Every structure is written in C-alpha cells, then in structure tokens.
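One file, protein_4.json, carrying JSON, C-alpha atoms:
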[["chain", "number", "residue", "atom", "x", "y", "z"],
["P", 3, "MET", "CA", 59.03, 133.92, 118.23],
["P", 4, "GLY", "CA", 61.05, 130.71, 117.91],
["P", 5, "ARG", "CA", 58.13, 128.37, 118.58],
["P", 6, "PRO", "CA", 55.73, 129.67, 115.83],
["P", 7, "ALA", "CA", 58.58, 129.59, 113.30],
["P", 8, "LEU", "CA", 59.32, 125.98, 114.27],
["P", 9, "SER", "CA", 55.64, 125.04, 113.94],
["P", 10, "LEU", "CA", 55.52, 126.63, 110.50],
["P", 11, "ARG", "CA", 58.52, 124.58, 109.38],
["P", 12, "PHE", "CA", 56.83, 121.38, 110.57],
["P", 13, "ILE", "CA", 53.64, 122.29, 108.70],
["P", 14, "LEU", "CA", 55.58, 123.05, 105.51],
["P", 15, "LEU", "CA", 57.53, 119.78, 105.86],
["P", 16, "ALA", "CA", 54.31, 117.81, 106.38],
["P", 17, "LEU", "CA", 52.73, 119.44, 103.31],
["P", 18, "PHE", "CA", 55.83, 118.67, 101.27],
["P", 19, "LEU", "CA", 55.79, 115.01, 102.34],
["P", 20, "ILE", "CA", 52.09, 114.70, 101.54],
["P", 21, "LEU", "CA", 52.62, 116.26, 98.11],
["P", 22, "ALA", "CA", 55.60, 113.97, 97.44],
["P", 23, "ALA", "CA", 53.55, 110.92, 98.45],
["P", 24, "VAL", "CA", 50.74, 111.93, 96.10],
["P", 25, "LEU", "CA", 53.10, 112.61, 93.20],
["P", 26, "MET", "CA", 54.96, 109.32, 93.75],
["P", 27, "ARG", "CA", 51.89, 107.15, 94.35],
["P", 28, "GLY", "CA", 52.55, 105.32, 91.08],
["P", 29, "PHE", "CA", 55.69, 103.91, 92.74],
["P", 30, "TRP", "CA", 54.66, 103.03, 96.29],
["P", 31, "LEU", "CA", 51.03, 101.94, 95.76],
["P", 32, "PRO", "CA", 52.01, 99.07, 93.42],
["P", 33, "TRP", "CA", 54.75, 98.05, 95.88],
["P", 34, "ILE", "CA", 52.13, 97.64, 98.63],
["P", 35, "GLY", "CA", 50.33, 95.12, 96.41],
["P", 36, "GLU", "CA", 53.43, 93.39, 95.05],
["P", 37, "ALA", "CA", 54.82, 92.80, 98.54],
["P", 38, "LEU", "CA", 51.88, 90.49, 99.29],
["P", 39, "VAL", "CA", 52.68, 88.18, 96.38],
["P", 40, "LEU", "CA", 55.11, 85.26, 96.29],
["P", 41, "ASP", "CA", 54.83, 83.12, 93.17],
["P", 42, "GLU", "CA", 57.71, 80.65, 92.92],
["P", 43, "GLY", "CA", 56.02, 78.56, 90.24],
["P", 44, "ALA", "CA", 55.39, 74.85, 90.05],
["P", 45, "ALA", "CA", 58.25, 72.36, 90.17],
["P", 46, "LYS", "CA", 58.62, 68.67, 90.98],
["P", 47, "ALA", "CA", 56.90, 67.93, 94.31],
["P", 48, "ASP", "CA", 55.06, 65.10, 96.07],
["P", 49, "ILE", "CA", 51.73, 66.92, 96.33],
["P", 50, "ALA", "CA", 49.92, 70.24, 95.95],
["P", 51, "VAL", "CA", 48.20, 71.72, 99.00],
["P", 52, "VAL", "CA", 45.33, 74.01, 98.10],
["P", 53, "LEU", "CA", 44.38, 76.46, 100.83],
["P", 54, "ALA", "CA", 40.80, 77.38, 101.64],
["P", 55, "GLY", "CA", 39.32, 80.85, 101.30],
["P", 56, "ASP", "CA", 38.52, 81.26, 97.60],
["P", 57, "ALA", "CA", 34.80, 81.28, 96.92],
["P", 58, "TYR", "CA", 35.35, 81.86, 93.17],
["P", 59, "GLY", "CA", 37.19, 78.61, 92.47],
["P", 60, "HIS", "CA", 40.50, 79.95, 91.15],
["P", 61, "ARG", "CA", 42.58, 77.95, 93.65],
["P", 62, "ILE", "CA", 40.86, 74.64, 92.89],
["P", 63, "GLU", "CA", 41.14, 75.39, 89.15],
["P", 64, "LYS", "CA", 44.90, 75.83, 89.58],
["P", 65, "ALA", "CA", 44.92, 72.51, 91.45],
["P", 66, "ALA", "CA", 43.17, 70.87, 88.50],
["P", 67, "GLU", "CA", 45.90, 72.18, 86.18],
["P", 68, "LEU", "CA", 48.56, 70.77, 88.50],
["P", 69, "VAL", "CA", 46.85, 67.37, 88.77],
["P", 70, "ARG", "CA", 46.64, 67.21, 85.00],
["P", 71, "ALA", "CA", 50.38, 67.90, 84.96],
["P", 72, "GLY", "CA", 51.02, 64.92, 87.24],
["P", 73, "TYR", "CA", 50.57, 66.19, 90.81],
["P", 74, "ALA", "CA", 48.19, 64.97, 93.49],
["P", 75, "ALA", "CA", 46.15, 67.70, 95.18],
["P", 76, "LEU", "CA", 45.20, 67.93, 98.86],
["P", 77, "ILE", "CA", 42.26, 70.34, 99.27],
["P", 78, "ASP", "CA", 41.97, 72.08, 102.64],
["P", 79, "GLY", "CA", 38.44, 72.58, 103.85],
["P", 80, "PRO", "CA", 37.36, 74.34, 107.05],
["P", 81, "GLY", "CA", 33.73, 73.93, 108.00],
["P", 82, "GLY", "CA", 31.16, 76.66, 108.40],
["P", 83, "SER", "CA", 29.76, 77.10, 104.89],
["P", 84, "TYR", "CA", 26.10, 76.33, 105.62],
["P", 85, "GLY", "CA", 27.08, 73.11, 107.35],
["P", 86, "ASN", "CA", 29.52, 72.02, 104.64],
["P", 87, "TYR", "CA", 33.28, 71.71, 104.55],
["P", 88, "GLU", "CA", 34.87, 74.03, 102.02],
["P", 89, "CYS", "CA", 36.93, 71.20, 100.53],
["P", 90, "ASP", "CA", 33.73, 69.33, 99.62],
["P", 91, "LEU", "CA", 32.24, 72.45, 98.02],
["P", 92, "ALA", "CA", 35.45, 73.10, 96.08],
["P", 93, "ILE", "CA", 35.65, 69.54, 94.76],
["P", 94, "ALA", "CA", 31.96, 69.61, 93.76],
["P", 95, "PHE", "CA", 32.63, 72.90, 91.94],
["P", 96, "ILE", "CA", 35.57, 71.53, 89.95],
["P", 97, "ALA", "CA", 33.70, 68.30, 89.19],
["P", 98, "ARG", "CA", 30.98, 70.41, 87.54],
["P", 99, "GLU", "CA", 33.71, 71.78, 85.28],
["P", 100, "GLY", "CA", 34.41, 68.24, 84.10],
["P", 101, "TYR", "CA", 37.32, 67.15, 86.29],
["P", 102, "PRO", "CA", 37.13, 63.74, 88.03],
["P", 103, "ARG", "CA", 36.44, 63.99, 91.77],
["P", 104, "GLU", "CA", 39.00, 61.27, 92.47],
["P", 105, "TRP", "CA", 41.77, 63.63, 91.38],
["P", 106, "PHE", "CA", 41.35, 65.60, 94.60],
["P", 107, "ILE", "CA", 41.93, 64.59, 98.23],
["P", 108, "PRO", "CA", 39.64, 66.42, 100.69],
["P", 109, "LEU", "CA", 41.03, 67.49, 104.04],
["P", 110, "PRO", "CA", 38.13, 68.55, 106.30],
["P", 111, "MET", "CA", 39.23, 70.53, 109.33],
["P", 112, "THR", "CA", 38.27, 73.03, 111.97],
["P", 113, "ALA", "CA", 40.42, 76.11, 111.37],
["P", 114, "HIS", "CA", 39.83, 79.84, 111.73],
["P", 115, "SER", "CA", 43.17, 81.19, 110.53],
["P", 116, "THR", "CA", 46.00, 80.38, 108.15],
["P", 117, "GLU", "CA", 48.09, 79.38, 111.17],
["P", 118, "GLU", "CA", 45.50, 76.81, 112.25],
["P", 119, "GLU", "CA", 45.07, 75.61, 108.67],
["P", 120, "ALA", "CA", 48.85, 75.19, 108.37],
["P", 121, "ALA", "CA", 49.02, 73.12, 111.55],
["P", 122, "VAL", "CA", 46.40, 70.65, 110.29],
["P", 123, "SER", "CA", 47.86, 70.54, 106.78],
["P", 124, "VAL", "CA", 51.44, 69.96, 107.92],
["P", 125, "GLY", "CA", 50.25, 67.21, 110.27],
["P", 126, "GLU", "CA", 48.53, 65.49, 107.36],
["P", 127, "LEU", "CA", 51.61, 65.88, 105.16],
["P", 128, "GLU", "CA", 53.74, 64.28, 107.86],
["P", 129, "ARG", "CA", 51.25, 61.42, 108.13],
["P", 130, "ARG", "CA", 51.54, 60.91, 104.36],
["P", 131, "HIS", "CA", 55.38, 61.13, 104.50],
["P", 132, "VAL", "CA", 55.39, 64.05, 102.07],
["P", 133, "ARG", "CA", 58.85, 65.60, 101.59],
["P", 134, "SER", "CA", 57.98, 68.41, 99.17],
["P", 135, "PHE", "CA", 54.79, 70.22, 98.24],
["P", 136, "LEU", "CA", 53.34, 73.10, 96.27],
["P", 137, "LEU", "CA", 51.36, 75.60, 98.32],
["P", 138, "VAL", "CA", 48.49, 76.90, 96.18],
["P", 139, "THR", "CA", 46.67, 80.05, 97.21],
["P", 140, "SER", "CA", 45.58, 83.46, 95.91],
["P", 141, "THR", "CA", 48.16, 86.06, 94.91],
["P", 142, "TYR", "CA", 47.43, 88.42, 97.81],
["P", 143, "HIS", "CA", 47.66, 85.56, 100.34],
["P", 144, "SER", "CA", 50.70, 83.81, 98.89],
["P", 145, "ALA", "CA", 53.61, 85.56, 100.66],
["P", 146, "ARG", "CA", 52.04, 85.42, 104.14],
["P", 147, "ALA", "CA", 50.89, 81.81, 103.72],
["P", 148, "ALA", "CA", 54.38, 80.70, 102.63],
["P", 149, "ARG", "CA", 55.94, 82.45, 105.64],
["P", 150, "ILE", "CA", 53.50, 80.78, 108.01],
["P", 151, "PHE", "CA", 54.03, 77.28, 106.57],
["P", 152, "ARG", "CA", 57.83, 77.65, 106.45],
["P", 153, "SER", "CA", 57.92, 78.98, 109.99],
["P", 154, "LEU", "CA", 55.84, 76.04, 111.22],
["P", 155, "LEU", "CA", 58.03, 73.52, 109.40],
["P", 156, "ARG", "CA", 61.14, 75.05, 111.01],
["P", 157, "GLN", "CA", 59.52, 74.95, 114.46],
["P", 158, "ARG", "CA", 58.78, 71.26, 114.00],
["P", 159, "GLY", "CA", 62.28, 70.49, 112.73],
["P", 160, "ASP", "CA", 60.68, 69.31, 109.50],
["P", 161, "ASN", "CA", 62.87, 69.44, 106.38],
["P", 162, "THR", "CA", 59.91, 69.26, 104.01],
["P", 163, "THR", "CA", 60.25, 71.89, 101.28],
["P", 164, "LEU", "CA", 57.54, 73.97, 99.68],
["P", 165, "ARG", "CA", 57.09, 76.23, 96.70],
["P", 166, "SER", "CA", 54.45, 78.94, 96.64],
["P", 167, "VAL", "CA", 52.13, 78.85, 93.62],
["P", 168, "ALA", "CA", 49.97, 81.97, 93.38],
["P", 169, "THR", "CA", 46.61, 82.00, 91.59],
["P", 170, "GLN", "CA", 44.64, 84.96, 90.31],
["P", 171, "ASP", "CA", 41.96, 86.59, 92.44],
["P", 172, "GLU", "CA", 38.60, 87.89, 91.33],
["P", 173, "PHE", "CA", 39.44, 91.47, 92.37],
["P", 174, "PHE", "CA", 43.06, 91.89, 93.46],
["P", 175, "ARG", "CA", 45.65, 93.06, 90.92],
["P", 176, "PRO", "CA", 49.00, 93.95, 92.53],
["P", 177, "HIS", "CA", 49.76, 96.91, 90.27],
["P", 178, "THR", "CA", 46.32, 98.55, 90.31],
["P", 179, "TRP", "CA", 44.66, 97.29, 93.52],
["P", 180, "TRP", "CA", 43.71, 100.79, 94.77],
["P", 181, "ARG", "CA", 41.33, 101.29, 91.84],
["P", 182, "ASP", "CA", 38.95, 98.54, 93.00],
["P", 183, "ARG", "CA", 36.91, 98.76, 96.22],
["P", 184, "GLU", "CA", 37.04, 95.02, 96.95],
["P", 185, "ALA", "CA", 40.78, 94.93, 96.26],
["P", 186, "ARG", "CA", 41.33, 97.83, 98.69],
["P", 187, "LYS", "CA", 39.57, 95.85, 101.41],
["P", 188, "ILE", "CA", 41.65, 92.77, 100.59],
["P", 189, "VAL", "CA", 44.92, 94.73, 100.80],
["P", 190, "PHE", "CA", 43.99, 96.41, 104.09],
["P", 191, "LEU", "CA", 42.99, 93.11, 105.71],
["P", 192, "GLU", "CA", 45.97, 91.16, 104.35],
["P", 193, "TRP", "CA", 48.46, 93.77, 105.55],
["P", 194, "ALA", "CA", 46.78, 93.81, 108.96],
["P", 195, "LYS", "CA", 47.14, 90.01, 109.15],
["P", 196, "THR", "CA", 50.73, 90.19, 107.89],
["P", 197, "ILE", "CA", 51.73, 92.71, 110.55],
["P", 198, "ALA", "CA", 49.92, 90.71, 113.25],
["P", 199, "HIS", "CA", 51.81, 87.55, 112.19],
["P", 200, "ILE", "CA", 55.16, 89.35, 112.21],
["P", 201, "PHE", "CA", 54.56, 90.59, 115.75],
["P", 202, "GLY", "CA", 53.01, 87.33, 116.90],
["P", 203, "VAL", "CA", 49.59, 88.73, 117.80]]
Spell out the structure here as structure tokens.
Amino acid sequence: MGRPALSLRFILLALFLILAAVLMRGFWLPWIGEALVLDEGAAKADIAVVLAGDAYGHRIEKAAELVRAGYAALIDGPGGSYGNYECDLAIAFIAREGYPREWFIPLPMTAHSTEEEAAVSVGELERRHVRSFLLVTSTYHSARAARIFRSLLRQRGDNTTLRSVATQDEFFRPHTWWRDREARKIVFLEWAKTIAHIFGV
C-alpha cells in the first residue's frame, strides 16, 4: 500500500511543478533570453573587433557607427561563403550603404567556432599592440563571446581589456524570443554552445 501512495505523491508533485512552470513562464522564459546578453556599451578603446556570423549586416552596421564615432574596426572573416571570406562580404555590404571601405580592416581567417575566431583575433590584436577593444557581436552571442575572449586573454597572461557591445538580431528578442521560430532555434543552439563551453567540450 505504501508504494502506490508514494507514486501518487510523486505524480501530484510533478503535475504541480509543471503547472507552476506554465503559470510562471512570463518570469523564467525572458530570463533564458536575457542571460545570453551582455551589453556593456561603447567606451574609449583602441579598436572595435566585429565578430563574424551575421548575414543581415547588423554587426558591421554597428561597426560603422563606432568608426564614425572615432574607432577603428577590425572585421573578422572566416572563409566558406561561396569561396569568399565573410569579412570581405561584410565590408562590401557596408560600402553599398555609403561607408568608405578604408574605414574597415579585414581579418580573413580559417575558424569554425568562436574559440577559434578568438584565438586568431587576439593574436592579431597582440601584433597590433592593442591594449583595449570593443567586442561587437549580436545580442544572443554577446555574453558567451565575451567569456571566451576574456578567458583566452587570461590564459595568455594578456592584460588587454574588452567591453562587449551587443547589436540587434533579425529575429532574437530577449524578452519574447519564444514567440518566434527562428529565435527559438537561436536560443536552443546558443545555450547548447554555452553549456559546452562551460564544461570544456
């Protein structure tokens, strides 16, 4: 008699937790999106580093704003886009919007992850004797990217400082991400990558 009663209590507890989660989704669903974002804003720095991965041009547009405000911009660019480097495509895109190409410094590379992109970028920053930089990337990518870059700088004993500058995304909105199919995919993938980075896999 004891075992069925215990099973019933577990079922009732599970149902209660599910109901509570549904009723409180307005609290924890936005948190899942907000936790991906780190926007520290622009401040005085030697250069802005614009990460690859935005096919809509929002990151390079933010770089153009920063250059206009007095920063230089280093544009990361892995290959693989129909034989082109992404940095070249991004600079061509922003040039069509009327910004001078010479404002932007392309950094072609072979990279398949943010970790690999960070390694190439930090190496280039060291070569240029950069002591502070702005890290420009999409909102959903900003917290993880900043952790990766800061972790790499610590590993290298590099005192270079960075500030994370988050740009809008075509689909992701931290407070309502679950209402958009593309945003749901972004959140799932970004959390998977975040957890993998935390556990070093």
**OP:** Could you pull out every residue with an atom within 12 Å of (42.2, 80.0, 109.3), file coordinates, counting all atoms listed in the file, and send them as number ranges by chain?
**Re:** P: 53-55, 78-82, 88, 111-123, 143, 147, 150, 195
Expected file: the selected residues, C-alpha atoms, as an mmCIF file, keeping the file's coordinate frame:
data_model
loop_
_atom_site.group_PDB
_atom_site.id
_atom_site.type_symbol
_atom_site.label_atom_id
_atom_site.label_comp_id
_atom_site.auth_asym_id
_atom_site.auth_seq_id
_atom_site.Cartn_x
_atom_site.Cartn_y
_atom_site.Cartn_z
ATOM 1 C CA LEU P 53 44.380 76.460 100.830
ATOM 2 C CA ALA P 54 40.800 77.380 101.640
ATOM 3 C CA GLY P 55 39.320 80.850 101.300
ATOM 4 C CA ASP P 78 41.970 72.080 102.640
ATOM 5 C CA GLY P 79 38.440 72.580 103.850
ATOM 6 C CA PRO P 80 37.360 74.340 107.050
ATOM 7 C CA GLY P 81 33.730 73.930 108.000
ATOM 8 C CA GLY P 82 31.160 76.660 108.400
ATOM 9 C CA GLU P 88 34.870 74.030 102.020
ATOM 10 C CA MET P 111 39.230 70.530 109.330
ATOM 11 C CA THR P 112 38.270 73.030 111.970
ATOM 12 C CA ALA P 113 40.420 76.110 111.370
ATOM 13 C CA HIS P 114 39.830 79.840 111.730
ATOM 14 C CA SER P 115 43.170 81.190 110.530
ATOM 15 C CA THR P 116 46.000 80.380 108.150
ATOM 16 C CA GLU P 117 48.090 79.380 111.170
ATOM 17 C CA GLU P 118 45.500 76.810 112.250
ATOM 18 C CA GLU P 119 45.070 75.610 108.670
ATOM 19 C CA ALA P 120 48.850 75.190 108.370
ATOM 20 C CA ALA P 121 49.020 73.120 111.550
ATOM 21 C CA VAL P 122 46.400 70.650 110.290
ATOM 22 C CA SER P 123 47.860 70.540 106.780
ATOM 23 C CA HIS P 143 47.660 85.560 100.340
ATOM 24 C CA ALA P 147 50.890 81.810 103.720
ATOM 25 C CA ILE P 150 53.500 80.780 108.010
ATOM 26 C CA LYS P 195 47.140 90.010 109.150
#
Original post:
Taking (37.4, 68.3, 91.7) in the file's coordinates as the center, which residues reach within 12 Å of it, counting all atoms listed in the file, put as a ChimeraX atom specification?
Top reply: /P:52,59,61-70,74-77,89-108
Residues as selected, C-alpha atoms, written as an mmCIF file, in the frame of the given file, can you do that?
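The result, written out as selection-v3.cif:
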data_model
loop_
_atom_site.group_PDB
_atom_site.id
_atom_site.type_symbol
_atom_site.label_atom_id
_atom_site.label_comp_id
_atom_site.auth_asym_id
_atom_site.auth_seq_id
_atom_site.Cartn_x
_atom_site.Cartn_y
_atom_site.Cartn_z
ATOM 1 C CA VAL P 52 45.330 74.010 98.100
ATOM 2 C CA GLY P 59 37.190 78.610 92.470
ATOM 3 C CA ARG P 61 42.580 77.950 93.650
ATOM 4 C CA ILE P 62 40.860 74.640 92.890
ATOM 5 C CA GLU P 63 41.140 75.390 89.150
ATOM 6 C CA LYS P 64 44.900 75.830 89.580
ATOM 7 C CA ALA P 65 44.920 72.510 91.450
ATOM 8 C CA ALA P 66 43.170 70.870 88.500
ATOM 9 C CA GLU P 67 45.900 72.180 86.180
ATOM 10 C CA LEU P 68 48.560 70.770 88.500
ATOM 11 C CA VAL P 69 46.850 67.370 88.770
ATOM 12 C CA ARG P 70 46.640 67.210 85.000
ATOM 13 C CA ALA P 74 48.190 64.970 93.490
ATOM 14 C CA ALA P 75 46.150 67.700 95.180
ATOM 15 C CA LEU P 76 45.200 67.930 98.860
ATOM 16 C CA ILE P 77 42.260 70.340 99.270
ATOM 17 C CA CYS P 89 36.930 71.200 100.530
ATOM 18 C CA ASP P 90 33.730 69.330 99.620
ATOM 19 C CA LEU P 91 32.240 72.450 98.020
ATOM 20 C CA ALA P 92 35.450 73.100 96.080
ATOM 21 C CA ILE P 93 35.650 69.540 94.760
ATOM 22 C CA ALA P 94 31.960 69.610 93.760
ATOM 23 C CA PHE P 95 32.630 72.900 91.940
ATOM 24 C CA ILE P 96 35.570 71.530 89.950
ATOM 25 C CA ALA P 97 33.700 68.300 89.190
ATOM 26 C CA ARG P 98 30.980 70.410 87.540
ATOM 27 C CA GLU P 99 33.710 71.780 85.280
ATOM 28 C CA GLY P 100 34.410 68.240 84.100
ATOM 29 C CA TYR P 101 37.320 67.150 86.290
ATOM 30 C CA PRO P 102 37.130 63.740 88.030
ATOM 31 C CA ARG P 103 36.440 63.990 91.770
ATOM 32 C CA GLU P 104 39.000 61.270 92.470
ATOM 33 C CA TRP P 105 41.770 63.630 91.380
ATOM 34 C CA PHE P 106 41.350 65.600 94.600
ATOM 35 C CA ILE P 107 41.930 64.590 98.230
ATOM 36 C CA PRO P 108 39.640 66.420 100.690
#
Original post:
Pick the closest to P:Ala37 from P:Ala50, P:Leu154, P:Ala71, P:Val189: which is it, counting only C-alpha atoms?
Top reply: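 Smallest distance to P:Ala37 is found for P:Val189.
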Original post:
Near stretch 171-185 of chain P, counting all atoms listed in the file, which residues have an atom at most 7 Å away, once you skip same-chain residues fewer than 3 positions from it, shown as a PyMOL selection string?
Top reply: chain P and resi 32+35-36+60+140-141+188-189
Please produce, as a Markdown table, a per-residue contact table for stretch 31-125 of chain P versus stretch 161-166 of chain P (criterion: any atom at most 12 Å away, all atoms listed in the file considered), showing the nearest atom pair and its distance in Å to one decimal, sorted by chain then residue number.
| residue | atom | partner | partner_atom | distance |
| --- | --- | --- | --- | --- |
| P:Val39 | CA | P:Ser166 | CA | 9.4 |
| P:Leu40 | CA | P:Ser166 | CA | 6.4 |
| P:Asp41 | CA | P:Ser166 | CA | 5.4 |
| P:Glu42 | CA | P:Ser166 | CA | 5.2 |
| P:Gly43 | CA | P:Ser166 | CA | 6.6 |
| P:Ala44 | CA | P:Arg165 | CA | 7.0 |
| P:Ala45 | CA | P:Arg165 | CA | 7.7 |
| P:Lys46 | CA | P:Arg165 | CA | 9.6 |
| P:Ala47 | CA | P:Leu164 | CA | 8.1 |
| P:Asp48 | CA | P:Leu164 | CA | 9.9 |
| P:Ile49 | CA | P:Leu164 | CA | 9.7 |
| P:Ala50 | CA | P:Leu164 | CA | 9.3 |
| P:Val51 | CA | P:Leu164 | CA | 9.6 |
| P:Val52 | CA | P:Ser166 | CA | 10.5 |
| P:Leu53 | CA | P:Ser166 | CA | 11.2 |
| P:Val124 | CA | P:Thr162 | CA | 9.4 |
| P:Gly125 | CA | P:Thr162 | CA | 11.7 |
Subject >> Counting all atoms listed in the file, the residue of P:Leu109, P:Trp33, P:Ala145, P:Asp160 that sits nearest P:Val132 >> reply: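 Answer, going by the shortest atom-to-atom distance: P:Asp160.
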**OP:** Rank nothing, just name the residue among P:Gly72, P:Ile200, P:Tyr142, P:Arg156 nearest to P:Arg186, using all atoms listed in the file.
**Re:** P:Tyr142
**OP:** Between P:Leu127, P:Ala194, P:Leu155, P:Val167, single out the one closest to P:Thr139, counting all atoms listed in the file.
**Re:**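 Checking each candidate against P:Thr139, we get P:Val167 as the closest.
Separating atom CA of P:Tyr73 from atom CA of P:Glu126 is a distance of 16.7 Å.
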**OP:** Using all atoms listed in the file, find the one residue out of P:Leu38, P:Asp56, P:Glu192, P:Ser9 that sits nearest to P:Ser144.
**Re:**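 Selected residue with least distance to P:Ser144: P:Leu38.
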